[in-house]
$ cat work.txt   # compact mmCIF, C-alpha atoms
# COMPACT_ATOMS: atom_id res chain seq x y z
CA MET A 152 14.31 5.42 -19.03
CA SER A 153 12.87 2.02 -19.64
CA ARG A 154 12.14 0.63 -23.06
CA HIS A 155 8.95 -0.99 -21.83
CA PRO A 156 7.10 1.62 -19.75
CA ALA A 157 3.77 0.87 -18.09
CA PRO A 158 0.92 1.72 -20.48
CA ASP A 159 -0.91 4.98 -19.67
CA GLU A 160 -4.09 3.19 -18.61
CA PHE A 161 -2.24 1.39 -15.81
CA LEU A 162 -0.60 4.64 -14.68
CA LEU A 163 -4.09 6.15 -14.52
CA ASP A 164 -5.44 3.15 -12.57
CA TYR A 165 -2.53 3.59 -10.17
CA ALA A 166 -2.81 7.37 -9.75
CA ALA A 167 -6.56 7.06 -9.23
CA GLY A 168 -5.97 4.52 -6.46
CA ALA A 169 -8.03 1.90 -8.27
CA LEU A 170 -5.55 -0.97 -8.39
CA PRO A 171 -5.50 -3.80 -5.84
CA ASP A 172 -2.37 -3.90 -3.66
CA GLY A 173 -0.34 -6.36 -5.76
CA PRO A 174 -0.66 -4.58 -9.11
CA ALA A 175 -0.31 -1.21 -7.30
CA LEU A 176 3.04 -2.36 -5.92
CA ALA A 177 4.15 -3.44 -9.41
CA VAL A 178 3.31 -0.02 -10.86
CA ALA A 179 4.88 1.75 -7.85
CA LEU A 180 8.20 -0.08 -8.41
CA HIS A 181 8.16 0.69 -12.13
CA VAL A 182 7.40 4.35 -11.44
CA ALA A 183 10.24 4.53 -8.89
CA LEU A 184 12.64 3.30 -11.58
CA ASP A 185 11.31 5.23 -14.58
CA PRO A 186 11.42 9.06 -14.49
CA ARG A 187 9.06 9.41 -17.46
CA SER A 188 6.36 7.30 -15.87
CA GLN A 189 7.00 9.16 -12.60
CA ARG A 190 6.31 12.38 -14.44
CA THR A 191 3.08 11.04 -15.90
CA VAL A 192 1.94 9.95 -12.44
CA ASP A 193 2.88 13.39 -11.03
CA ARG A 194 0.69 14.95 -13.71
CA LEU A 195 -2.17 12.60 -13.00
CA ASN A 196 -1.88 13.41 -9.30
CA ALA A 197 -2.07 17.08 -10.28
CA VAL A 198 -5.26 16.26 -12.21
CA GLY A 199 -6.59 14.70 -8.99
CA GLY A 200 -5.66 17.91 -7.16
CA ALA A 201 -7.44 20.01 -9.78
CA LEU A 202 -10.56 17.84 -9.49
CA ILE A 203 -10.57 18.41 -5.72
CA GLU A 204 -10.14 22.18 -6.13
CA ARG A 205 -12.97 22.20 -8.63
CA GLU A 206 -15.50 20.72 -6.20
CA PRO A 207 -18.50 23.02 -5.67
CA VAL A 208 -18.32 23.20 -1.90
CA PRO A 209 -21.51 24.89 -0.69
CA GLU A 210 -23.83 22.28 -2.22
CA VAL A 211 -22.30 18.99 -1.16
CA GLY A 212 -19.23 19.30 0.95
CA ALA A 213 -20.33 21.68 3.70
CA ILE A 214 -18.75 20.76 7.00
CA ASP A 215 -19.99 21.77 10.43
CA ASP A 216 -17.65 23.92 12.57
CA ALA A 217 -17.94 21.26 15.26
CA VAL A 218 -16.02 18.88 13.00
CA LEU A 219 -13.11 21.30 12.82
CA GLU A 220 -13.24 21.66 16.61
CA ARG A 221 -13.04 17.89 17.00
CA ALA A 222 -10.11 17.72 14.57
CA LEU A 223 -8.30 20.51 16.46
CA ALA A 224 -8.87 18.65 19.74
CA ARG A 225 -7.23 15.56 18.29
CA LEU A 226 -4.08 17.41 17.22
CA ASP A 227 -2.70 17.32 20.78
CA GLU A 228 -2.17 13.60 20.37
CA VAL A 229 -0.84 13.83 16.82
CA PRO A 230 2.78 14.96 16.63
CA VAL A 231 4.03 16.76 13.53
CA GLU A 232 6.56 14.24 12.29
CA PRO A 233 10.08 15.39 11.41
CA ARG A 234 11.05 15.50 7.75
CA PRO A 235 11.91 11.94 6.68
CA ALA A 236 15.52 11.17 5.85
CA ALA A 237 16.39 11.01 2.17
CA PRO A 238 16.12 7.51 0.73
CA GLY A 239 19.33 5.60 1.19
CA GLY A 240 18.62 3.59 4.31
CA ARG A 241 18.16 0.47 2.24
CA LYS A 242 18.83 -2.98 3.57
CA PRO A 243 22.22 -4.04 2.20
CA VAL A 244 21.02 -7.61 1.59
CA PHE A 245 18.38 -6.32 -0.80
CA ASP A 246 20.33 -3.44 -2.31
CA TRP A 247 18.38 -3.76 -5.56
CA ALA A 248 15.07 -2.99 -3.85
CA PRO A 249 13.50 0.36 -4.82
CA ALA A 250 12.01 2.36 -1.91
CA PRO A 251 8.36 1.25 -2.34
CA LEU A 252 9.44 -2.38 -1.89
CA VAL A 253 11.41 -1.86 1.32
CA PRO A 254 8.40 -1.80 3.70
CA HIS A 255 7.41 -5.24 2.37
CA LEU A 256 10.80 -6.81 3.08
CA ARG A 257 11.04 -8.17 6.59
CA PRO A 258 14.10 -9.33 8.50
CA GLY A 259 14.68 -13.03 8.02
CA MET A 260 13.11 -13.14 4.56
CA ASP A 261 15.27 -15.16 2.25
CA TRP A 262 15.26 -16.76 -1.17
CA ARG A 263 13.70 -20.19 -1.41
CA ARG A 264 14.69 -22.53 -4.21
CA VAL A 265 11.68 -23.66 -6.24
CA MET A 266 11.67 -26.77 -8.45
CA GLY A 267 15.46 -26.56 -8.56
CA LYS A 268 15.11 -23.81 -11.16
CA PHE A 269 14.68 -20.41 -9.58
CA ASP A 270 14.49 -18.61 -6.24
CA GLU A 271 11.42 -17.00 -4.80
CA ILE A 272 10.41 -14.69 -1.97
CA ARG A 273 6.67 -14.66 -1.55
CA LEU A 274 5.34 -11.29 -0.34
CA ASP A 275 2.33 -11.16 1.88
CA LEU A 276 -0.09 -8.37 1.00
CA PRO A 277 -2.98 -8.86 3.38
CA GLY A 278 -6.33 -9.12 1.74
CA ASP A 279 -5.09 -9.09 -1.85
CA PHE A 280 -6.09 -11.97 -4.08
CA HIS A 281 -2.96 -11.73 -6.20
CA ARG A 282 0.09 -13.89 -5.81
CA VAL A 283 2.96 -11.45 -5.31
CA SER A 284 6.51 -12.79 -5.54
CA LEU A 285 10.08 -11.74 -6.09
CA LEU A 286 11.76 -14.18 -8.44
CA ARG A 287 15.49 -14.60 -9.01
CA LEU A 288 16.79 -16.38 -12.09
CA GLU A 289 20.44 -17.15 -12.75
CA SER A 290 21.72 -16.04 -16.15
CA GLY A 291 20.59 -18.39 -18.91
CA ARG A 292 17.98 -20.09 -16.72
CA GLY A 293 14.31 -19.98 -17.62
CA LEU A 294 11.05 -20.06 -15.77
CA PRO A 295 8.94 -23.12 -16.51
CA GLU A 296 6.52 -22.39 -19.32
CA HIS A 297 3.24 -21.45 -17.70
CA LYS A 298 -0.06 -19.69 -18.11
CA HIS A 299 -2.75 -18.44 -15.77
CA ALA A 300 -6.07 -16.70 -15.55
CA GLY A 301 -6.16 -12.90 -15.36
CA TYR A 302 -3.34 -10.42 -15.80
CA GLU A 303 0.31 -10.98 -15.04
CA TYR A 304 2.47 -7.98 -14.08
CA THR A 305 6.27 -8.09 -14.17
CA VAL A 306 8.79 -5.42 -13.16
CA VAL A 307 12.51 -6.04 -13.57
CA LEU A 308 14.57 -4.91 -10.55
CA GLN A 309 17.99 -6.29 -11.49
CA GLY A 310 19.51 -7.84 -14.62
CA GLY A 311 17.13 -8.63 -17.44
CA TYR A 312 15.22 -11.33 -19.28
CA THR A 313 14.04 -12.17 -22.75
CA ASP A 314 10.86 -13.91 -23.86
CA GLU A 315 8.77 -14.16 -27.01
CA THR A 316 7.65 -10.54 -26.61
CA GLY A 317 11.08 -8.93 -26.27
CA ASN A 318 13.95 -8.05 -24.00
CA TYR A 319 13.32 -6.47 -20.60
CA GLY A 320 15.81 -4.59 -18.39
CA VAL A 321 15.74 -2.80 -15.04
CA GLY A 322 12.58 -0.73 -14.59
CA ASP A 323 10.78 -2.35 -17.52
CA PHE A 324 7.14 -3.21 -16.97
CA ALA A 325 5.30 -6.04 -18.67
CA VAL A 326 1.60 -6.73 -18.34
CA GLY A 327 -0.47 -9.16 -20.26
CA PRO A 328 -3.23 -11.66 -20.12
CA GLY A 329 -1.81 -14.72 -18.40
CA ASP A 330 -3.42 -17.10 -20.86
CA GLN A 331 -0.58 -16.40 -23.28
CA ARG A 332 2.01 -19.12 -22.63
CA HIS A 333 5.44 -17.68 -22.20
CA GLU A 334 8.89 -18.78 -21.15
CA PRO A 335 11.22 -16.02 -19.95
CA ILE A 336 15.00 -16.66 -19.95
CA ALA A 337 17.41 -14.59 -17.81
CA ASP A 338 19.95 -12.51 -19.76
CA PRO A 339 23.74 -12.91 -19.39
CA GLY A 340 25.28 -11.07 -16.44
CA GLU A 341 23.99 -10.75 -12.89
CA PRO A 342 20.93 -12.78 -11.92
CA CYS A 343 17.59 -11.37 -13.03
CA ILE A 344 15.37 -10.27 -10.15
CA ALA A 345 11.78 -9.31 -10.87
CA LEU A 346 8.55 -8.68 -9.05
CA ILE A 347 5.80 -10.86 -10.49
CA VAL A 348 2.14 -10.32 -9.67
CA VAL A 349 -0.39 -12.81 -10.97
CA GLU A 350 -4.00 -13.52 -10.38
CA ASN A 351 -4.29 -17.09 -9.13
CA PRO A 352 -3.93 -19.77 -10.17
CA ILE A 353 -0.82 -20.46 -12.21
CA VAL A 354 -1.02 -23.45 -14.56
CA LEU A 355 2.23 -25.02 -15.71
CA THR A 356 2.06 -26.03 -19.34
CA GLY A 357 5.34 -27.96 -19.70
CA PRO A 358 5.64 -31.78 -19.54
CA TRP A 359 5.75 -31.79 -15.73
CA GLY A 360 2.74 -29.53 -15.40
CA ARG A 361 0.27 -32.32 -14.82
CA TRP A 362 2.15 -33.46 -11.73
CA LEU A 363 3.13 -30.06 -10.39
CA ASN A 364 -0.09 -28.11 -10.89
CA PRO A 365 -1.82 -29.58 -7.83
CA LEU A 366 1.12 -28.35 -5.73
CA VAL A 367 0.92 -24.88 -7.31
CA SER A 368 -2.77 -24.61 -6.67
CA ARG A 369 -2.21 -25.53 -3.02
CA GLY A 370 0.39 -22.78 -2.78
CA LEU A 371 3.22 -25.24 -2.11
CA ILE A 372 5.36 -24.00 -4.98
CA MET B 650 -10.33 31.03 -1.69
CA LEU B 651 -6.82 30.00 -0.99
CA SER B 652 -4.05 30.31 -3.56
CA ALA B 653 -1.50 27.51 -4.02
CA ASP B 654 1.21 29.73 -2.51
CA GLU B 655 -0.93 30.62 0.50
CA ALA B 656 -1.76 26.96 1.08
CA ALA B 657 1.93 26.02 0.81
CA ASP B 658 2.80 28.73 3.38
CA LEU B 659 0.19 27.28 5.74
CA ILE B 660 1.55 23.75 5.42
CA GLU B 661 5.05 25.06 6.11
CA ALA B 662 3.73 26.94 9.16
CA ILE B 663 2.50 23.61 10.53
CA ALA B 664 5.86 21.99 9.80
CA THR B 665 7.96 24.69 11.43
CA ARG B 666 5.81 25.78 14.39
CA GLN B 667 2.80 23.47 14.73
CA ASP B 668 0.59 26.39 13.77
CA ARG B 669 -2.99 25.47 14.66
CA ALA B 670 -4.48 28.55 13.01
CA ALA B 671 -2.80 27.47 9.77
CA PHE B 672 -4.36 24.04 10.21
CA SER B 673 -7.80 25.60 10.65
CA ARG B 674 -7.49 27.57 7.43
CA LEU B 675 -6.34 24.54 5.48
CA PHE B 676 -9.14 22.52 7.00
CA GLN B 677 -11.77 25.10 6.07
CA HIS B 678 -10.55 25.20 2.49
CA PHE B 679 -9.78 21.56 1.81
CA ALA B 680 -11.96 19.41 4.08
CA PRO B 681 -15.25 20.33 2.34
CA ARG B 682 -13.68 19.78 -1.07
CA VAL B 683 -12.24 16.42 -0.12
CA LYS B 684 -15.61 15.45 1.35
CA ALA B 685 -17.41 16.39 -1.89
CA PHE B 686 -14.77 14.53 -3.91
CA ILE B 687 -15.09 11.37 -1.83
CA MET B 688 -18.90 11.50 -2.03
CA ARG B 689 -18.65 11.11 -5.77
CA SER B 690 -17.56 7.51 -5.27
CA GLY B 691 -20.95 6.85 -3.68
CA ALA B 692 -19.77 7.20 -0.08
CA ASP B 693 -22.39 8.57 2.32
CA PRO B 694 -21.80 12.09 3.71
CA GLU B 695 -20.70 10.87 7.16
CA ALA B 696 -18.14 8.44 5.73
CA ALA B 697 -16.87 11.07 3.29
CA GLN B 698 -16.53 13.58 6.13
CA GLU B 699 -14.60 11.02 8.15
CA VAL B 700 -12.19 10.45 5.25
CA ALA B 701 -11.78 14.23 4.80
CA GLN B 702 -11.02 14.69 8.50
CA GLU B 703 -8.50 11.84 8.50
CA ALA B 704 -6.84 13.31 5.40
CA LEU B 705 -6.46 16.74 7.03
CA ILE B 706 -5.03 15.21 10.20
CA MET B 707 -2.53 13.41 7.99
CA VAL B 708 -1.62 16.82 6.50
CA TRP B 709 -0.76 17.92 10.05
CA ARG B 710 1.30 14.78 10.76
CA LYS B 711 3.20 14.81 7.48
CA ALA B 712 3.52 18.59 6.98
CA ALA B 713 7.32 18.40 7.14
CA SER B 714 7.36 15.99 4.18
CA PHE B 715 5.62 18.53 1.96
CA ASP B 716 7.94 20.12 -0.58
CA ARG B 717 6.44 23.04 -2.48
CA LYS B 718 9.05 22.64 -5.20
CA LYS B 719 7.72 19.17 -6.03
CA ALA B 720 3.97 19.35 -5.82
CA SER B 721 1.23 21.89 -5.35
CA PRO B 722 -0.74 21.66 -2.08
CA SER B 723 -3.85 20.37 -3.86
CA THR B 724 -1.82 17.65 -5.63
CA TRP B 725 -0.27 16.59 -2.32
CA LEU B 726 -3.65 16.63 -0.64
CA TYR B 727 -5.12 14.56 -3.42
CA THR B 728 -2.53 11.81 -2.87
CA ILE B 729 -3.26 11.80 0.87
CA ALA B 730 -7.04 11.76 0.35
CA ARG B 731 -6.74 8.97 -2.20
CA ASN B 732 -4.77 6.84 0.24
CA LYS B 733 -7.27 7.57 3.00
CA ARG B 734 -10.05 6.49 0.67
CA ILE B 735 -8.19 3.26 0.00
CA ASP B 736 -7.83 2.73 3.76
CA HIS B 737 -11.51 3.38 4.22
CA LEU B 738 -12.55 0.90 1.52
CA ARG B 739 -10.16 -1.60 3.01
CA ARG B 740 -11.65 -1.22 6.46
CA ASN B 741 -15.02 -2.04 5.00
CA ASN B 742 -13.95 -4.98 2.88
CA ARG B 743 -10.54 -6.20 3.75
CA PRO B 744 -7.97 -6.47 6.54
CA ALA B 745 -6.28 -3.21 7.46
CA ILE B 746 -2.80 -2.22 6.38
CA ASP B 747 -0.88 0.67 7.90
CA THR B 748 -1.45 3.90 6.03
CA ASP B 749 2.22 4.72 6.31
CA ASP B 750 2.91 1.79 4.03
CA TRP B 751 0.65 3.39 1.50
CA LEU B 752 2.32 6.72 1.77
CA THR B 753 5.55 4.92 1.08
CA VAL B 754 4.13 3.00 -1.82
CA PHE B 755 2.94 6.17 -3.44
CA ALA B 756 5.85 8.40 -2.45
CA PRO B 757 8.10 9.32 -5.35
CA GLU B 758 11.58 7.99 -4.77
CA ASP B 759 13.49 10.25 -7.10
CA GLU B 760 14.78 13.22 -5.11
CA ASP B 761 16.64 14.84 -7.98
CA ALA B 762 14.05 15.10 -10.70
CA ASP B 763 13.12 18.67 -11.36
CA LYS B 764 9.45 18.88 -10.69
CA SER B 765 9.38 22.55 -9.86
CA VAL B 766 7.61 23.38 -13.08
CA LEU B 767 4.89 20.92 -12.29
CA ALA B 768 4.49 22.34 -8.81
CA GLY B 769 4.00 25.79 -10.29
CA GLN B 770 1.09 24.70 -12.44
CA THR B 771 -2.01 26.17 -10.98
CA TYR B 772 -5.19 24.24 -10.87
CA THR B 773 -6.69 26.90 -13.10
CA ARG B 774 -4.40 25.84 -15.92
CA LEU B 775 -5.19 22.17 -15.38
CA LYS B 776 -8.88 22.95 -15.20
CA GLU B 777 -8.54 24.70 -18.52
CA LEU B 778 -6.74 21.69 -19.99
CA LEU B 779 -9.35 19.30 -18.63
CA GLY B 780 -11.97 21.50 -20.26
CA GLY B 781 -10.21 20.88 -23.58
CA LEU B 782 -10.70 17.12 -23.40
CA SER B 783 -13.56 15.53 -25.31
CA ALA B 784 -16.62 14.49 -23.31
CA ASP B 785 -15.73 10.83 -23.95
CA GLN B 786 -12.20 11.29 -22.66
CA MET B 787 -13.34 13.28 -19.62
CA LEU B 788 -15.91 10.64 -18.71
CA VAL B 789 -13.21 7.98 -18.47
CA ILE B 790 -10.84 10.23 -16.48
CA GLU B 791 -13.62 11.17 -14.06
CA LYS B 792 -14.73 7.58 -13.57
CA ALA B 793 -11.16 6.65 -12.68
CA PHE B 794 -10.65 9.47 -10.19
CA PHE B 795 -14.13 9.80 -8.72
CA GLU B 796 -15.21 6.19 -8.65
CA ASP B 797 -11.76 4.60 -8.37
CA LYS B 798 -12.47 2.17 -11.17
CA THR B 799 -9.75 0.53 -13.24
CA HIS B 800 -9.85 0.99 -17.00
CA THR B 801 -11.02 -2.63 -17.27
CA ALA B 802 -13.93 -1.97 -14.91
CA ILE B 803 -14.79 1.23 -16.79
CA ALA B 804 -14.89 -0.65 -20.10
CA GLU B 805 -17.22 -3.25 -18.59
CA GLU B 806 -19.49 -0.64 -17.09
CA LEU B 807 -19.74 1.44 -20.25
CA LYS B 808 -20.01 -1.72 -22.37
CA LEU B 809 -17.12 -0.50 -24.50
CA PRO B 810 -14.32 -2.57 -26.01
CA LEU B 811 -11.21 -2.41 -23.79
CA GLY B 812 -9.25 -0.96 -26.72
CA THR B 813 -11.64 2.00 -26.96
CA VAL B 814 -11.18 2.89 -23.30
CA LYS B 815 -7.41 2.51 -23.59
CA SER B 816 -7.23 4.81 -26.59
CA ARG B 817 -9.40 7.44 -24.86
CA ILE B 818 -7.03 7.39 -21.89
CA ARG B 819 -3.94 7.56 -24.09
CA LEU B 820 -5.34 10.43 -26.16
CA ALA B 821 -6.34 12.35 -23.03
CA LEU B 822 -2.89 11.92 -21.49
CA ALA B 823 -1.18 12.81 -24.75
CA ARG B 824 -3.13 16.09 -24.84
CA LEU B 825 -2.24 16.91 -21.24
CA ARG B 826 1.43 16.06 -21.82
CA GLU B 827 1.62 18.10 -24.98
CA ALA B 828 0.04 21.18 -23.43
CA LEU B 829 2.08 20.97 -20.22
CA GLU B 830 5.33 20.44 -22.08
CA LYS B 831 4.60 23.48 -24.22
CA ASP B 832 4.08 25.50 -21.02
CA GLU B 833 7.40 24.30 -19.70
CA SER B 834 9.50 25.08 -22.74

$ encode --input "work.txt" --output "structure tokens"
Amino acid sequence: MSRHPAPDEFLLDYAAGALPDGPALAVALHVALDPRSQRTVDRLNAVGGALIEREPVPEVGAIDDAVLERALARLDEVPVEPRPAAPGGRKPVFDWAPAPLVPHLRPGMDWRRVMGKFDEIRLDLPGDFHRVSLLRLESGRGLPEHKHAGYEYTVVLQGGYTDETGNYGVGDFAVGPGDQRHEPIADPGEPCIALIVVENPIVLTGPWGRWLNPLVSRGLI
Amino acid sequence: MLSADEAADLIEAIATRQDRAAFSRLFQHFAPRVKAFIMRSGADPEAAQEVAQEALIMVWRKAASFDRKKASPSTWLYTIARNKRIDHLRRNNRPAIDTDDWLTVFAPEDEDADKSVLAGQTYTRLKELLGGLSADQMLVIEKAFFEDKTHTAIAEELKLPLGTVKSRIRLALARLREALEKDES
């Protein structure tokens, strides 16, 4: 059970399928790690099911028998897939990755040192305008103080971090307007790994920001 | 009409023996409902029908993944239809991504959690609970599900402060939680 669950309104956005891919992945990872949020999403999915059952069919949804015939004809080419194996086939290199992250991790992906301060794996979610990254911070190290337009979503996958708003551990979800400057520091123990989703662009606010921001905006760091 | 148990039997019949008659019955019950649901987002009837058909074919493909102890058939179908709607919107606006990725993204990871109680909740009970929400709360819930709008987009559209929309959502969910937890105890 995390101490910082995703707020209800983001769980609703997620269950309704309204979130863009980056934020949806952030909520999916949080939900995979937090049974209480999972339960809320299950309930919201059940609300979705109830709304479908409630549809008055004869007026709007009527479907021609020919459509069923066409669907039946297609079934010959669509195998009924065997029951999927229970989760557990995780990649050993990324043993901290919850199931919803695994499809996004490709062979050969590796941490890249950024500004000598932290490691990053940039995830590619086609068509999404968010910058989606895994960040790894050694204990006691901080991210450069930064701010950005739009929301920033963070989900802790290993270790923990502390910033002005509190202490965050595995499964915790943080979301906030990116115009609040903040400076997270990794907690003692194993390195902190988190998924960070931000709307572009990031603006560094520390003393080096003026020189580094052009590189950030060009996606070089 | 098709009860939740009957629908679950039909899905299992597909999983165990590729039962085409079971598929037809599921199709006749769910496809029109999914079509009507999708049309609420403003999709034209042909597009909505396409999404409904794709969703039902996915039911066939993934029948073996269905677990009646974890979710009711209509809940499971909702998650499939929602992902198909996302795919459809993506095809229109953005590069395609494999639907299987989406099923994975939305698939619950926790195998142990006891969700049997949730699975047993009939839509009648949920319908009753939804009926107990205030009109303001219901409007926000419906806009999210029918029009796939985020709470931020809903606040903008209704010209309401973000905090008002958030508190409507939180109150609505608190009422659902409270009532469902009472049922379970």

$ closest_residue --input "work.txt" --among "B:Arg689, B:Arg682, B:Lys831, B:Arg826" --to "Leu705 in chain B" --atoms "only C-alpha atoms"
B:Arg682

$ interface_residues --input "work.txt" --of "chain A" --to "chain B" --cutoff "8 Å" --atoms "all atoms listed in the file" --output "ChimeraX atom specification"
/A:159-161,163-164,167-170,176,179,182-183,186,189,191,193-194,196-208,211-214,218-219,222-223,226,229-235,237-238,249-252,254,277-278

$ atom_distance --input "work.txt" --atom1 "CA of Val321 in chain A" --atom2 "CA of Val307 in chain A"
4.8 Å

$ atom_distance --input "work.txt" --atom1 "CA of Glu303 in chain A" --atom2 "CA of Val326 in chain A"
5.5 Å

$ atom_distance --input "work.txt" --atom1 "CA of Ala345 in chain A" --atom2 "CA of Asp279 in chain A"
19.1 Å

$ closest_residue --input "work.txt" --among "B:Leu659, B:Asp654, B:Ala696, B:Arg824" --to "Asp736 in chain B" --atoms "all atoms listed in the file"
B:Ala696

$ residues_around --input "work.txt" --residues "Pro174 in chain A" --least-positions-apart "4" --cutoff "8 Å" --atoms "all atoms listed in the file" --output "PyMOL selection string"
chain A and resi 170+178+304+348

$ write_last_selection --input "work.txt" --atoms "C-alpha atoms" --output "PDB file, in the coordinates of the input"
ATOM      1  CA  LEU A 170      -5.550  -0.970  -8.390  1.00  0.00           C
ATOM      2  CA  VAL A 178       3.310  -0.020 -10.860  1.00  0.00           C
ATOM      3  CA  TYR A 304       2.470  -7.980 -14.080  1.00  0.00           C
ATOM      4  CA  VAL A 348       2.140 -10.320  -9.670  1.00  0.00           C
TER       5      VAL A 348
END

$ closest_residue --input "work.txt" --among "A:Leu288, A:Leu184, A:Ala177, A:Val349" --to "Gly322 in chain A" --atoms "only C-alpha atoms"
A:Leu184

$ residues_around --input "work.txt" --residues "Ile336 in chain A" --least-positions-apart "5" --cutoff "12 Å" --atoms "all atoms listed in the file" --output "VMD selection string"
chain A and resid 268 to 269 287 to 296 310 to 319 342 to 344

$ write_last_selection --input "work.txt" --atoms "C-alpha atoms" --output "compact mmCIF listing (two decimals), in the coordinates of the input"
# COMPACT_ATOMS: atom_id res chain seq x y z
CA LYS A 268 15.11 -23.81 -11.16
CA PHE A 269 14.68 -20.41 -9.58
CA ARG A 287 15.49 -14.60 -9.01
CA LEU A 288 16.79 -16.38 -12.09
CA GLU A 289 20.44 -17.15 -12.75
CA SER A 290 21.72 -16.04 -16.15
CA GLY A 291 20.59 -18.39 -18.91
CA ARG A 292 17.98 -20.09 -16.72
CA GLY A 293 14.31 -19.98 -17.62
CA LEU A 294 11.05 -20.06 -15.77
CA PRO A 295 8.94 -23.12 -16.51
CA GLU A 296 6.52 -22.39 -19.32
CA GLY A 310 19.51 -7.84 -14.62
CA GLY A 311 17.13 -8.63 -17.44
CA TYR A 312 15.22 -11.33 -19.28
CA THR A 313 14.04 -12.17 -22.75
CA ASP A 314 10.86 -13.91 -23.86
CA GLU A 315 8.77 -14.16 -27.01
CA THR A 316 7.65 -10.54 -26.61
CA GLY A 317 11.08 -8.93 -26.27
CA ASN A 318 13.95 -8.05 -24.00
CA TYR A 319 13.32 -6.47 -20.60
CA PRO A 342 20.93 -12.78 -11.92
CA CYS A 343 17.59 -11.37 -13.03
CA ILE A 344 15.37 -10.27 -10.15

$ closest_residue --input "work.txt" --among "B:Gly780, B:Glu805, B:Asp716, B:Ser690" --to "Ala656 in chain B" --atoms "all atoms listed in the file"
B:Asp716
